[in-house]
>>> print(open('upload_24.tsv').read())   # TSV, C-alpha atoms
chain	number	residue	atom	x	y	z
A	1	MET	CA	121.10	77.50	84.91
A	2	ARG	CA	119.00	78.67	81.98
A	3	ASN	CA	119.11	75.73	79.63
A	4	ILE	CA	119.67	77.05	76.14
A	5	LYS	CA	122.05	76.07	73.39
A	6	ILE	CA	123.47	77.55	70.20
A	7	ILE	CA	122.28	75.47	67.25
A	8	GLY	CA	123.53	77.64	64.41
A	9	TYR	CA	126.00	80.44	63.82
A	10	GLY	CA	127.40	82.54	61.01
A	11	ASN	CA	129.98	85.31	60.62
A	12	TYR	CA	130.43	87.80	57.84
A	13	LEU	CA	133.21	90.27	57.05
A	14	PRO	CA	133.15	92.89	54.31
A	15	LYS	CA	135.42	92.26	51.37
A	16	ASN	CA	137.15	95.62	51.52
A	17	ILE	CA	140.26	95.72	53.71
A	18	VAL	CA	142.33	98.71	54.76
A	19	MET	CA	145.68	98.61	56.50
A	20	PHE	CA	146.85	100.72	59.43
A	21	ASP	CA	150.43	100.17	60.63
A	22	GLY	CA	150.45	96.66	59.20
A	23	GLU	CA	147.12	95.71	60.78
A	24	LYS	CA	144.04	94.77	58.75
A	25	ARG	CA	140.73	96.46	59.26
A	26	TYR	CA	137.58	95.36	57.45
A	27	ARG	CA	135.65	98.34	56.16
A	28	CYS	CA	132.51	98.33	54.01
A	29	ASN	CA	133.61	101.48	52.19
A	30	GLY	CA	130.14	102.00	50.73
A	31	SER	CA	130.16	98.70	48.87
A	32	GLU	CA	128.07	96.85	51.45
A	33	THR	CA	125.67	98.04	54.11
A	34	GLN	CA	125.04	97.13	57.72
A	35	LEU	CA	121.82	95.51	56.52
A	36	ASP	CA	123.55	93.51	53.75
A	37	MET	CA	125.99	92.08	56.27
A	38	ALA	CA	123.29	91.34	58.86
A	39	VAL	CA	121.29	89.39	56.28
A	40	LYS	CA	124.32	87.40	55.14
A	41	ALA	CA	125.26	86.44	58.68
A	42	ALA	CA	121.64	85.58	59.51
A	43	LYS	CA	121.29	83.33	56.48
A	44	LYS	CA	124.54	81.57	57.36
A	45	ALA	CA	123.32	80.96	60.91
A	46	LEU	CA	120.01	79.57	59.68
A	47	LYS	CA	121.74	77.29	57.20
A	48	ASN	CA	124.16	76.14	59.89
A	49	ALA	CA	121.21	75.39	62.17
A	50	LYS	CA	119.51	73.53	59.32
A	51	LEU	CA	116.45	75.69	59.88
A	52	ASP	CA	114.16	77.66	57.64
A	53	ILE	CA	113.13	81.15	58.66
A	54	LYS	CA	109.67	79.73	59.37
A	55	ASP	CA	111.21	77.74	62.23
A	56	ILE	CA	112.26	80.99	63.94
A	57	ASP	CA	109.82	82.64	66.32
A	58	CYS	CA	111.75	85.78	67.20
A	59	ILE	CA	114.35	87.91	65.41
A	60	VAL	CA	116.57	90.08	67.57
A	61	SER	CA	119.02	92.66	66.32
A	62	SER	CA	121.84	93.16	68.80
A	63	SER	CA	123.76	95.90	67.01
A	64	ALA	CA	125.28	99.01	68.54
A	65	VAL	CA	124.09	101.45	65.90
A	66	ILE	CA	120.79	101.90	64.09
A	67	MET	CA	120.46	101.56	60.35
A	68	GLN	CA	117.80	104.23	60.36
A	69	PRO	CA	115.91	105.85	63.25
A	70	ILE	CA	112.64	104.11	62.46
A	71	PRO	CA	111.88	101.23	62.20
A	72	CYS	CA	114.24	99.18	64.34
A	73	ASN	CA	117.11	97.23	62.81
A	74	ALA	CA	115.37	93.92	63.41
A	75	ALA	CA	112.35	95.01	61.35
A	76	LEU	CA	114.63	95.86	58.43
A	77	ILE	CA	116.34	92.47	58.72
A	78	HIS	CA	112.90	90.86	58.94
A	79	GLU	CA	111.93	92.59	55.68
A	80	GLN	CA	114.86	90.87	53.95
A	81	ILE	CA	114.51	87.37	55.35
A	82	ALA	CA	111.09	86.97	56.97
A	83	LYS	CA	108.71	89.21	55.06
A	84	GLY	CA	105.17	87.94	55.15
A	85	THR	CA	105.69	85.92	58.35
A	86	ASN	CA	104.31	86.72	61.79
A	87	ILE	CA	107.72	86.56	63.43
A	88	PRO	CA	108.26	89.41	65.91
A	89	ALA	CA	111.41	91.50	65.46
A	90	MET	CA	113.04	93.64	68.14
A	91	ASP	CA	116.28	95.39	68.93
A	92	ILE	CA	118.26	94.88	72.12
A	93	ASN	CA	121.00	97.45	72.48
A	94	THR	CA	123.72	97.99	75.04
A	95	THR	CA	126.11	99.17	72.33
A	96	CYS	CA	129.21	96.93	72.22
A	97	THR	CA	127.80	94.27	74.54
A	98	SER	CA	124.41	94.09	72.82
A	99	PHE	CA	124.92	90.45	71.85
A	100	VAL	CA	125.60	89.39	75.43
A	101	THR	CA	122.58	91.33	76.66
A	102	ALA	CA	120.43	89.81	73.93
A	103	LEU	CA	121.61	86.27	74.68
A	104	ASP	CA	121.01	86.89	78.36
A	105	THR	CA	117.55	88.40	77.92
A	106	MET	CA	116.24	85.98	75.33
A	107	SER	CA	117.40	82.98	77.36
A	108	TYR	CA	114.79	83.85	79.99
A	109	LEU	CA	112.08	84.01	77.35
A	110	ILE	CA	113.11	80.68	75.89
A	111	GLU	CA	113.24	79.18	79.39
A	112	ALA	CA	109.75	80.56	80.05
A	113	GLY	CA	108.47	78.95	76.89
A	114	ARG	CA	107.64	82.21	75.17
A	115	TYR	CA	109.94	81.54	72.23
A	116	LYS	CA	111.46	78.36	70.85
A	117	ASN	CA	114.08	79.32	68.25
A	118	VAL	CA	115.54	82.82	68.42
A	119	LEU	CA	117.75	84.39	65.77
A	120	ILE	CA	120.14	87.01	67.20
A	121	VAL	CA	121.99	89.16	64.65
A	122	ALA	CA	124.77	91.66	65.34
A	123	SER	CA	125.94	93.94	62.55
A	124	ASP	CA	127.86	97.20	62.68
A	125	VAL	CA	129.47	99.61	60.25
A	126	SER	CA	131.43	101.77	62.65
A	127	SER	CA	133.64	102.96	59.78
A	128	GLU	CA	130.82	105.27	58.69
A	129	GLY	CA	130.99	107.28	61.90
A	130	LEU	CA	134.68	107.64	62.69
A	131	ASN	CA	136.47	110.92	63.26
A	132	GLU	CA	139.73	111.16	61.30
A	133	GLU	CA	141.07	113.57	63.89
A	134	GLN	CA	140.92	110.90	66.60
A	135	LYS	CA	143.67	108.64	65.29
A	136	GLU	CA	143.34	105.98	67.96
A	137	SER	CA	139.69	105.22	67.22
A	138	TYR	CA	139.97	105.96	63.50
A	139	THR	CA	142.42	103.08	63.07
A	140	LEU	CA	140.81	100.74	65.60
A	141	PHE	CA	137.47	99.68	64.19
A	142	SER	CA	136.35	97.04	61.70
A	143	ASP	CA	132.89	96.39	60.24
A	144	GLY	CA	131.24	92.99	60.28
A	145	ALA	CA	128.28	90.85	61.24
A	146	SER	CA	127.59	87.74	63.27
A	147	ALA	CA	124.47	85.75	64.00
A	148	VAL	CA	123.41	82.81	66.12
A	149	VAL	CA	120.28	80.73	66.53
A	150	ILE	CA	119.52	79.69	70.09
A	151	THR	CA	116.95	77.27	71.42
A	152	LYS	CA	116.03	75.42	74.59
A	153	SER	CA	118.35	72.65	75.68
A	154	GLU	CA	117.17	69.44	77.31
A	155	ASP	CA	120.63	68.96	78.82
A	156	SER	CA	120.53	70.32	82.38
A	157	ASN	CA	124.28	71.07	82.19
A	158	GLN	CA	124.01	73.17	79.07
A	159	GLY	CA	123.17	76.86	79.08
A	160	ILE	CA	123.77	80.07	80.96
A	161	VAL	CA	125.26	79.45	84.39
A	162	GLY	CA	124.99	83.10	85.40
A	163	SER	CA	125.06	86.64	84.13
A	164	LEU	CA	125.46	90.17	85.40
A	165	ILE	CA	124.92	93.51	83.74
A	166	ARG	CA	125.73	96.85	85.31
A	167	THR	CA	125.64	100.39	83.97
A	168	TYR	CA	127.89	103.07	85.43
A	169	SER	CA	126.53	106.23	83.87
A	170	GLU	CA	129.34	108.39	85.23
A	171	GLY	CA	130.93	107.05	82.03
A	172	ALA	CA	127.94	107.90	79.82
A	173	HIS	CA	129.88	110.42	77.75
A	174	ALA	CA	133.23	108.67	77.68
A	175	THR	CA	132.28	106.95	74.41
A	176	GLU	CA	129.56	108.51	72.32
A	177	ILE	CA	128.17	109.78	69.07
A	178	ARG	CA	126.17	112.82	70.16
A	179	GLY	CA	124.36	113.71	66.96
A	180	GLY	CA	121.70	112.01	64.88
A	181	GLY	CA	119.02	111.49	67.51
A	182	THR	CA	116.53	113.90	69.04
A	183	LEU	CA	119.07	115.69	71.25
A	184	ARG	CA	120.93	116.80	68.12
A	185	THR	CA	118.86	116.02	65.08
A	186	ALA	CA	120.21	115.27	61.65
A	187	MET	CA	117.86	118.00	60.39
A	188	LYS	CA	119.97	120.64	62.17
A	189	TYR	CA	123.33	119.33	60.98
A	190	LYS	CA	125.89	121.95	60.02
A	191	PRO	CA	129.39	121.09	58.70
A	192	GLU	CA	131.00	122.90	61.66
A	193	ASP	CA	129.22	120.42	63.98
A	194	LYS	CA	130.69	117.37	62.25
A	195	ALA	CA	132.53	116.20	65.37
A	196	ASP	CA	129.18	115.75	67.16
A	197	TYR	CA	128.06	113.32	64.46
A	198	THR	CA	131.15	111.16	64.64
A	199	PHE	CA	132.49	108.75	67.23
A	200	ASP	CA	134.14	110.35	70.23
A	201	MET	CA	136.15	108.19	72.62
A	202	LYS	CA	137.89	109.40	75.75
A	203	GLY	CA	140.24	106.56	76.57
A	204	LYS	CA	141.39	107.64	79.99
A	205	PRO	CA	137.98	108.05	81.68
A	206	ILE	CA	136.92	104.67	80.29
A	207	LEU	CA	140.03	102.94	81.57
A	208	SER	CA	139.78	104.68	84.96
A	209	LEU	CA	136.21	103.52	85.40
A	210	CYS	CA	137.04	99.98	84.27
A	211	VAL	CA	139.89	99.70	86.76
A	212	LYS	CA	137.62	100.97	89.54
A	213	LYS	CA	134.57	98.84	88.78
A	214	LEU	CA	135.53	95.63	86.99
A	215	PRO	CA	137.47	93.83	89.73
A	216	GLU	CA	134.59	94.17	92.20
A	217	LEU	CA	132.06	93.18	89.52
A	218	PHE	CA	133.98	90.03	88.65
A	219	LYS	CA	134.30	89.20	92.33
A	220	GLU	CA	130.54	89.66	92.74
A	221	PHE	CA	129.96	87.35	89.76
A	222	GLU	CA	132.20	84.63	91.16
A	223	GLU	CA	130.54	84.79	94.57
A	224	LYS	CA	126.97	85.01	93.30
A	225	PHE	CA	127.28	82.03	90.96
A	226	ASN	CA	129.88	80.11	92.97
A	227	VAL	CA	132.30	79.94	90.06
A	228	SER	CA	135.93	80.80	89.58
A	229	ILE	CA	137.16	82.48	86.43
A	230	LYS	CA	140.24	80.24	86.77
A	231	ASP	CA	138.03	77.23	85.99
A	232	VAL	CA	136.60	78.72	82.81
A	233	ASP	CA	137.89	77.14	79.58
A	234	VAL	CA	137.99	80.31	77.54
A	235	VAL	CA	137.21	83.99	78.13
A	236	ILE	CA	135.88	85.96	75.19
A	237	PRO	CA	136.17	89.62	76.09
A	238	HIS	CA	134.92	92.43	73.92
A	239	GLN	CA	137.87	93.28	71.65
A	240	ALA	CA	137.66	96.89	72.77
A	241	SER	CA	141.16	98.20	72.17
A	242	ARG	CA	144.86	97.69	72.55
A	243	ALA	CA	144.31	98.15	76.28
A	244	LEU	CA	142.67	94.70	76.46
A	245	PRO	CA	145.74	92.95	77.95
A	246	PHE	CA	145.93	95.68	80.61
A	247	ILE	CA	142.31	95.09	81.63
A	248	MET	CA	142.80	91.32	81.67
A	249	GLN	CA	145.86	91.80	83.84
A	250	ILE	CA	143.84	93.93	86.29
A	251	LEU	CA	141.31	91.08	86.41
A	252	LYS	CA	144.11	88.54	86.85
A	253	ILE	CA	142.99	86.59	83.77
A	254	ASP	CA	145.98	84.85	82.25
A	255	GLU	CA	146.73	85.59	78.60
A	256	SER	CA	146.51	81.91	77.74
A	257	LYS	CA	142.85	81.97	78.73
A	258	TYR	CA	141.38	84.88	76.81
A	259	VAL	CA	140.83	85.69	73.16
A	260	ASN	CA	142.81	88.68	71.97
A	261	ARG	CA	142.56	89.28	68.24
A	262	VAL	CA	142.49	93.05	68.33
A	263	SER	CA	145.48	93.25	66.02
A	264	GLU	CA	143.72	91.06	63.40
A	265	PHE	CA	140.25	92.54	63.53
A	266	GLY	CA	140.28	95.66	65.64
A	267	ASN	CA	137.12	96.50	67.52
A	268	MET	CA	134.01	95.29	65.70
A	269	VAL	CA	131.65	96.96	68.18
A	270	SER	CA	128.67	94.69	68.89
A	271	VAL	CA	130.07	92.05	66.52
A	272	SER	CA	133.35	91.45	68.40
A	273	ILE	CA	132.06	89.01	70.99
A	274	PRO	CA	129.71	86.91	68.81
A	275	TYR	CA	132.28	86.89	65.99
A	276	MET	CA	134.93	85.38	68.25
A	277	LEU	CA	132.41	82.94	69.78
A	278	CYS	CA	131.22	81.76	66.38
A	279	ASP	CA	134.77	81.55	65.07
A	280	LEU	CA	135.81	79.30	67.95
A	281	LEU	CA	132.74	77.11	67.40
A	282	GLU	CA	133.40	76.89	63.69
A	283	LYS	CA	137.02	75.86	64.20
A	284	GLY	CA	136.09	73.32	66.85
A	285	LYS	CA	138.15	75.15	69.45
A	286	ILE	CA	135.23	75.13	71.83
A	287	LYS	CA	132.82	72.22	72.13
A	288	LYS	CA	129.91	70.92	74.15
A	289	GLY	CA	130.71	70.97	77.82
A	290	ASP	CA	133.18	73.84	77.63
A	291	LYS	CA	132.72	76.79	79.97
A	292	VAL	CA	132.94	80.04	78.01
A	293	LEU	CA	132.87	83.44	79.67
A	294	LEU	CA	131.58	86.32	77.57
A	295	CYS	CA	132.44	89.71	79.02
A	296	GLY	CA	132.92	93.28	78.04
A	297	THR	CA	132.40	96.94	78.58
A	298	ALA	CA	130.32	99.11	76.34
A	299	ALA	CA	129.34	102.74	75.96
A	300	GLY	CA	127.21	103.72	78.93
A	301	LEU	CA	129.42	102.57	80.67
A	302	THR	CA	127.78	99.14	80.69
A	303	CYS	CA	129.57	95.97	81.77
A	304	ASN	CA	128.36	92.44	81.03
A	305	ILE	CA	129.58	89.10	82.30
A	306	LEU	CA	127.91	85.86	81.16
A	307	LEU	CA	129.07	82.31	81.72
A	308	LEU	CA	127.90	79.86	79.10
A	309	ASN	CA	128.21	76.10	79.24
A	310	ILE	CA	128.38	75.27	75.54
B	311	MET	CA	156.94	106.98	95.66
B	312	PHE	CA	159.73	106.51	93.15
B	313	GLU	CA	159.90	102.82	94.06
B	314	VAL	CA	156.14	102.46	93.65
B	315	ILE	CA	156.21	104.10	90.24
B	316	LYS	CA	159.19	101.99	89.25
B	317	GLU	CA	157.41	98.83	90.35
B	318	VAL	CA	154.23	99.76	88.49
B	319	LEU	CA	156.17	100.48	85.32
B	320	SER	CA	158.35	97.41	85.36
B	321	GLU	CA	156.13	94.77	86.96
B	322	GLN	CA	152.71	95.81	85.75
B	323	LEU	CA	153.36	97.68	82.53
B	324	GLY	CA	156.38	95.73	81.30
B	325	VAL	CA	158.76	98.64	80.95
B	326	GLU	CA	162.20	97.10	80.66
B	327	ALA	CA	164.43	100.18	80.45
B	328	ASP	CA	166.43	101.40	83.41
B	329	ILE	CA	164.13	103.76	85.33
B	330	LYS	CA	165.60	106.85	86.99
B	331	LEU	CA	164.14	110.04	88.39
B	332	GLU	CA	165.30	112.00	85.37
B	333	SER	CA	164.17	109.36	82.85
B	334	LYS	CA	161.95	110.82	80.16
B	335	LEU	CA	158.73	108.85	79.82
B	336	ARG	CA	158.62	108.87	76.04
B	337	GLU	CA	162.22	109.12	74.91
B	338	ASP	CA	163.96	106.99	77.56
B	339	LEU	CA	161.25	104.59	78.69
B	340	ASN	CA	159.32	104.24	75.44
B	341	ILE	CA	156.04	105.02	77.19
B	342	ASP	CA	153.51	105.81	74.50
B	343	SER	CA	150.14	107.45	75.05
B	344	LEU	CA	148.44	104.13	75.87
B	345	LEU	CA	151.02	103.18	78.49
B	346	ALA	CA	150.90	106.71	79.93
B	347	VAL	CA	147.14	106.41	80.39
B	348	GLN	CA	147.56	102.98	81.98
B	349	LEU	CA	150.20	104.34	84.37
B	350	SER	CA	147.97	107.24	85.38
B	351	VAL	CA	145.00	104.93	85.94
B	352	LEU	CA	147.03	102.58	88.14
B	353	LEU	CA	148.36	105.49	90.20
B	354	GLU	CA	144.85	106.96	90.50
B	355	ASN	CA	143.58	103.66	91.81
B	356	LYS	CA	146.47	103.17	94.18
B	357	TYR	CA	146.37	106.63	95.72
B	358	ASP	CA	142.66	107.42	95.28
B	359	ILE	CA	143.33	110.56	93.25
B	360	ASP	CA	142.27	111.86	89.86
B	361	ILE	CA	144.72	112.77	87.13
B	362	THR	CA	143.24	114.75	84.27
B	363	GLU	CA	144.27	114.26	80.68
B	364	GLU	CA	145.69	117.76	80.71
B	365	GLU	CA	147.89	116.95	83.70
B	366	LEU	CA	148.94	113.68	82.07
B	367	GLY	CA	149.90	115.49	78.91
B	368	LYS	CA	152.34	117.72	80.81
B	369	LEU	CA	154.36	114.88	82.33
B	370	VAL	CA	157.79	114.52	80.77
B	371	THR	CA	159.95	112.73	83.36
B	372	ILE	CA	159.48	110.35	86.29
B	373	LYS	CA	160.21	113.32	88.59
B	374	ASP	CA	157.27	115.14	87.00
B	375	VAL	CA	155.07	112.18	87.94
B	376	ILE	CA	156.28	112.30	91.54
B	377	ASP	CA	155.81	116.07	91.70
B	378	LEU	CA	152.24	115.64	90.44
B	379	LEU	CA	151.46	112.98	93.03
B	380	GLU	CA	152.89	115.18	95.81
B	381	ALA	CA	150.82	118.12	94.57
B	382	LYS	CA	147.76	115.90	94.93
B	383	GLY	CA	148.61	115.20	98.54
B	384	VAL	CA	150.18	111.79	98.14
B	385	LYS	CA	152.70	111.21	100.89
B	386	ALA	CA	156.00	109.39	100.25
>>> encode(input="upload_24.tsv", output="structure tokens")
Amino acid sequence: MRNIKIIGYGNYLPKNIVMFDGEKRYRCNGSETQLDMAVKAAKKALKNAKLDIKDIDCIVSSSAVIMQPIPCNAALIHEQIAKGTNIPAMDINTTCTSFVTALDTMSYLIEAGRYKNVLIVASDVSSEGLNEEQKESYTLFSDGASAVVITKSEDSNQGIVGSLIRTYSEGAHATEIRGGGTLRTAMKYKPEDKADYTFDMKGKPILSLCVKKLPELFKEFEEKFNVSIKDVDVVIPHQASRALPFIMQILKIDESKYVNRVSEFGNMVSVSIPYMLCDLLEKGKIKKGDKVLLCGTAAGLTCNILLLNI
Amino acid sequence: MFEVIKEVLSEQLGVEADIKLESKLREDLNIDSLLAVQLSVLLENKYDIDITEEELGKLVTIKDVIDLLEAKGVKA
């Protein structure tokens, strides 16, 4: 077990709401930016932790999308909340599961004594990159931000019991935005290429790959860490799409055990998992001693499973 | 194969309508695009075949599904 604990958390949703078929989606609509939301969530997490920014020794951005190509998101967040300090700032990105990867990765560094208090911030404005011609994804996503502060725990029963990450790159192009990087630069943008600069999701290849790979990955996780998903108190899956119940059914995870708020929030990209985690903490629905499984698939196709003893 | 498809639809995908060979996926069984994808994925996994989105888009009835599976070498 890597003994870490969450000592502060904060969520933020944009004020602007749009409705699709009776379902709310939170969309910045130009009134707020990815950076604005990241800063608000970060400040909430710090306040909740009763810490000043000077108590933090690493800032990690765990967002799916960059705010600008250079510098990294974390440096831009640092500029807003930690300017003038020596705190390092870095991005950890596995798209939708970035938060889980960041929590996983930074827990080793805390355990090793490299860092004491780490601020992890997820913030995404997927609404800026959606393709109106792809109705399913166009109506699915919400914007938002979520942040946590983690630190070492002295309780040997508290922390990360186990974690697995796998990338199946046969799904690398099942979910993508092709333009905006060096393979298709923004400098060469032409209006007829607009589709390359917006989100493209191929639902069937993603689902096919999930059905092929996830059951064996979960089985590997249970065997490697000698745990049973049946004994977990709550499963927080990435709120990927309306196919979530189908995936949970394939994994034989009962609907009473997992969080499904896709109809309320849609897919918040990297924010989905930490948002739900922080929301449960805030409402007292999970507490110290509870076993919480964070899991999800992300563009890549990357799959994360992490079992956290709160 | 009809029984397998029927079982997948009713037990795994929650389709409650009466399923017949001539049943139309959309009009009779209320199978929307999401359920159609889920059905194809389950059949792919069961029979170790691939069903393209183009092939999926051409399926109208349960018989069409069976015909597609047979064309892919699935034995009854």
>>> atom_distance(input="upload_24.tsv", atom1="CA of Cys58 (chain A)", atom2="CA of Thr105 (chain A)")
12.5 Å
>>> closest_residue(input="upload_24.tsv", among="B:Thr371, B:Thr362, B:Asn355, B:Gln348", to="Leu323 (chain B)", atoms="only C-alpha atoms")
B:Gln348
>>> closest_residue(input="upload_24.tsv", among="A:Ile286, A:Val161, A:Ala240, A:Met37", to="Asn267 (chain A)", atoms="all atoms listed in the file")
A:Ala240
>>> interface_residues(input="upload_24.tsv", of="chain A", to="chain B", cutoff="10 Å", atoms="all atoms listed in the file", output="VMD selection string")
chain A and resid 136 202 to 212 242 to 243 246 to 247 249 to 250
>>> atom_distance(input="upload_24.tsv", atom1="CA of Val269 (chain A)", atom2="CA of Ala145 (chain A)")
9.8 Å
>>> closest_residue(input="upload_24.tsv", among="B:Glu364, B:Asp342, B:Val370, B:Leu331", to="Glu313 (chain B)", atoms="only C-alpha atoms")
B:Leu331
>>> atom_distance(input="upload_24.tsv", atom1="CA of Arg166 (chain A)", atom2="CA of Ile150 (chain A)")
23.8 Å
>>> residues_near_point(input="upload_24.tsv", point="(135.9, 87.9, 67.4)", cutoff="12 Å", atoms="only C-alpha atoms", output="PDB file with C-alpha atoms, in the coordinates of the input")
ATOM      1  CA  GLY A  10     127.400  82.540  61.010  1.00  0.00           C
ATOM      2  CA  ASN A  11     129.980  85.310  60.620  1.00  0.00           C
ATOM      3  CA  TYR A  12     130.430  87.800  57.840  1.00  0.00           C
ATOM      4  CA  LEU A  13     133.210  90.270  57.050  1.00  0.00           C
ATOM      5  CA  ALA A 122     124.770  91.660  65.340  1.00  0.00           C
ATOM      6  CA  SER A 142     136.350  97.040  61.700  1.00  0.00           C
ATOM      7  CA  ASP A 143     132.890  96.390  60.240  1.00  0.00           C
ATOM      8  CA  GLY A 144     131.240  92.990  60.280  1.00  0.00           C
ATOM      9  CA  ALA A 145     128.280  90.850  61.240  1.00  0.00           C
ATOM     10  CA  SER A 146     127.590  87.740  63.270  1.00  0.00           C
ATOM     11  CA  VAL A 235     137.210  83.990  78.130  1.00  0.00           C
ATOM     12  CA  ILE A 236     135.880  85.960  75.190  1.00  0.00           C
ATOM     13  CA  PRO A 237     136.170  89.620  76.090  1.00  0.00           C
ATOM     14  CA  HIS A 238     134.920  92.430  73.920  1.00  0.00           C
ATOM     15  CA  GLN A 239     137.870  93.280  71.650  1.00  0.00           C
ATOM     16  CA  ALA A 240     137.660  96.890  72.770  1.00  0.00           C
ATOM     17  CA  TYR A 258     141.380  84.880  76.810  1.00  0.00           C
ATOM     18  CA  VAL A 259     140.830  85.690  73.160  1.00  0.00           C
ATOM     19  CA  ASN A 260     142.810  88.680  71.970  1.00  0.00           C
ATOM     20  CA  ARG A 261     142.560  89.280  68.240  1.00  0.00           C
ATOM     21  CA  VAL A 262     142.490  93.050  68.330  1.00  0.00           C
ATOM     22  CA  SER A 263     145.480  93.250  66.020  1.00  0.00           C
ATOM     23  CA  GLU A 264     143.720  91.060  63.400  1.00  0.00           C
ATOM     24  CA  PHE A 265     140.250  92.540  63.530  1.00  0.00           C
ATOM     25  CA  GLY A 266     140.280  95.660  65.640  1.00  0.00           C
ATOM     26  CA  ASN A 267     137.120  96.500  67.520  1.00  0.00           C
ATOM     27  CA  MET A 268     134.010  95.290  65.700  1.00  0.00           C
ATOM     28  CA  VAL A 269     131.650  96.960  68.180  1.00  0.00           C
ATOM     29  CA  SER A 270     128.670  94.690  68.890  1.00  0.00           C
ATOM     30  CA  VAL A 271     130.070  92.050  66.520  1.00  0.00           C
ATOM     31  CA  SER A 272     133.350  91.450  68.400  1.00  0.00           C
ATOM     32  CA  ILE A 273     132.060  89.010  70.990  1.00  0.00           C
ATOM     33  CA  PRO A 274     129.710  86.910  68.810  1.00  0.00           C
ATOM     34  CA  TYR A 275     132.280  86.890  65.990  1.00  0.00           C
ATOM     35  CA  MET A 276     134.930  85.380  68.250  1.00  0.00           C
ATOM     36  CA  LEU A 277     132.410  82.940  69.780  1.00  0.00           C
ATOM     37  CA  CYS A 278     131.220  81.760  66.380  1.00  0.00           C
ATOM     38  CA  ASP A 279     134.770  81.550  65.070  1.00  0.00           C
ATOM     39  CA  LEU A 280     135.810  79.300  67.950  1.00  0.00           C
ATOM     40  CA  LEU A 281     132.740  77.110  67.400  1.00  0.00           C
ATOM     41  CA  GLU A 282     133.400  76.890  63.690  1.00  0.00           C
ATOM     42  CA  LEU A 294     131.580  86.320  77.570  1.00  0.00           C
TER      43      LEU A 294
END
>>> residues_around(input="upload_24.tsv", residues="Asp52 (chain A)", least_positions_apart="2", cutoff="12 Å", atoms="only C-alpha atoms", output="count of residues only")
20
>>> axis_aligned_box(input="upload_24.tsv", around="region 221-230 of chain A", padding_each_side="5 Å", output="lines of an AutoDock Vina configuration file")
center_x = 133.6
center_y = 83.6
center_z = 90.5
size_x = 23.3
size_y = 17.4
size_z = 18.1
>>> closest_residue(input="upload_24.tsv", among="A:Ala41, A:Ser61, A:Glu132, A:Ser137", to="Val100 (chain A)", atoms="only C-alpha atoms")
A:Ser61
>>> residues_around(input="upload_24.tsv", residues="Ala386 (chain B)", least_positions_apart="5", cutoff="10 Å", atoms="only C-alpha atoms", output="ChimeraX atom specification")
/B:311-314,376,379-380
>>> residues_near_point(input="upload_24.tsv", point="(116.2, 100.3, 59.0)", cutoff="12 Å", atoms="all atoms listed in the file", output="short mmCIF file (atom, residue, chain, number, x, y, z; two decimals) with C-alpha atoms, keeping the file's coordinate frame")
data_model
loop_
_atom_site.label_atom_id
_atom_site.label_comp_id
_atom_site.auth_asym_id
_atom_site.auth_seq_id
_atom_site.Cartn_x
_atom_site.Cartn_y
_atom_site.Cartn_z
CA THR A 33 125.67 98.04 54.11
CA GLN A 34 125.04 97.13 57.72
CA LEU A 35 121.82 95.51 56.52
CA ASP A 36 123.55 93.51 53.75
CA ALA A 38 123.29 91.34 58.86
CA SER A 61 119.02 92.66 66.32
CA SER A 63 123.76 95.90 67.01
CA VAL A 65 124.09 101.45 65.90
CA ILE A 66 120.79 101.90 64.09
CA MET A 67 120.46 101.56 60.35
CA GLN A 68 117.80 104.23 60.36
CA PRO A 69 115.91 105.85 63.25
CA ILE A 70 112.64 104.11 62.46
CA PRO A 71 111.88 101.23 62.20
CA CYS A 72 114.24 99.18 64.34
CA ASN A 73 117.11 97.23 62.81
CA ALA A 74 115.37 93.92 63.41
CA ALA A 75 112.35 95.01 61.35
CA LEU A 76 114.63 95.86 58.43
CA ILE A 77 116.34 92.47 58.72
CA HIS A 78 112.90 90.86 58.94
CA GLU A 79 111.93 92.59 55.68
CA GLN A 80 114.86 90.87 53.95
CA ALA A 89 111.41 91.50 65.46
CA MET A 90 113.04 93.64 68.14
CA ASP A 91 116.28 95.39 68.93
#
>>> closest_residue(input="upload_24.tsv", among="B:Tyr357, B:Glu317, B:Glu365, B:Leu349", to="Leu335 (chain B)", atoms="all atoms listed in the file")
B:Leu349
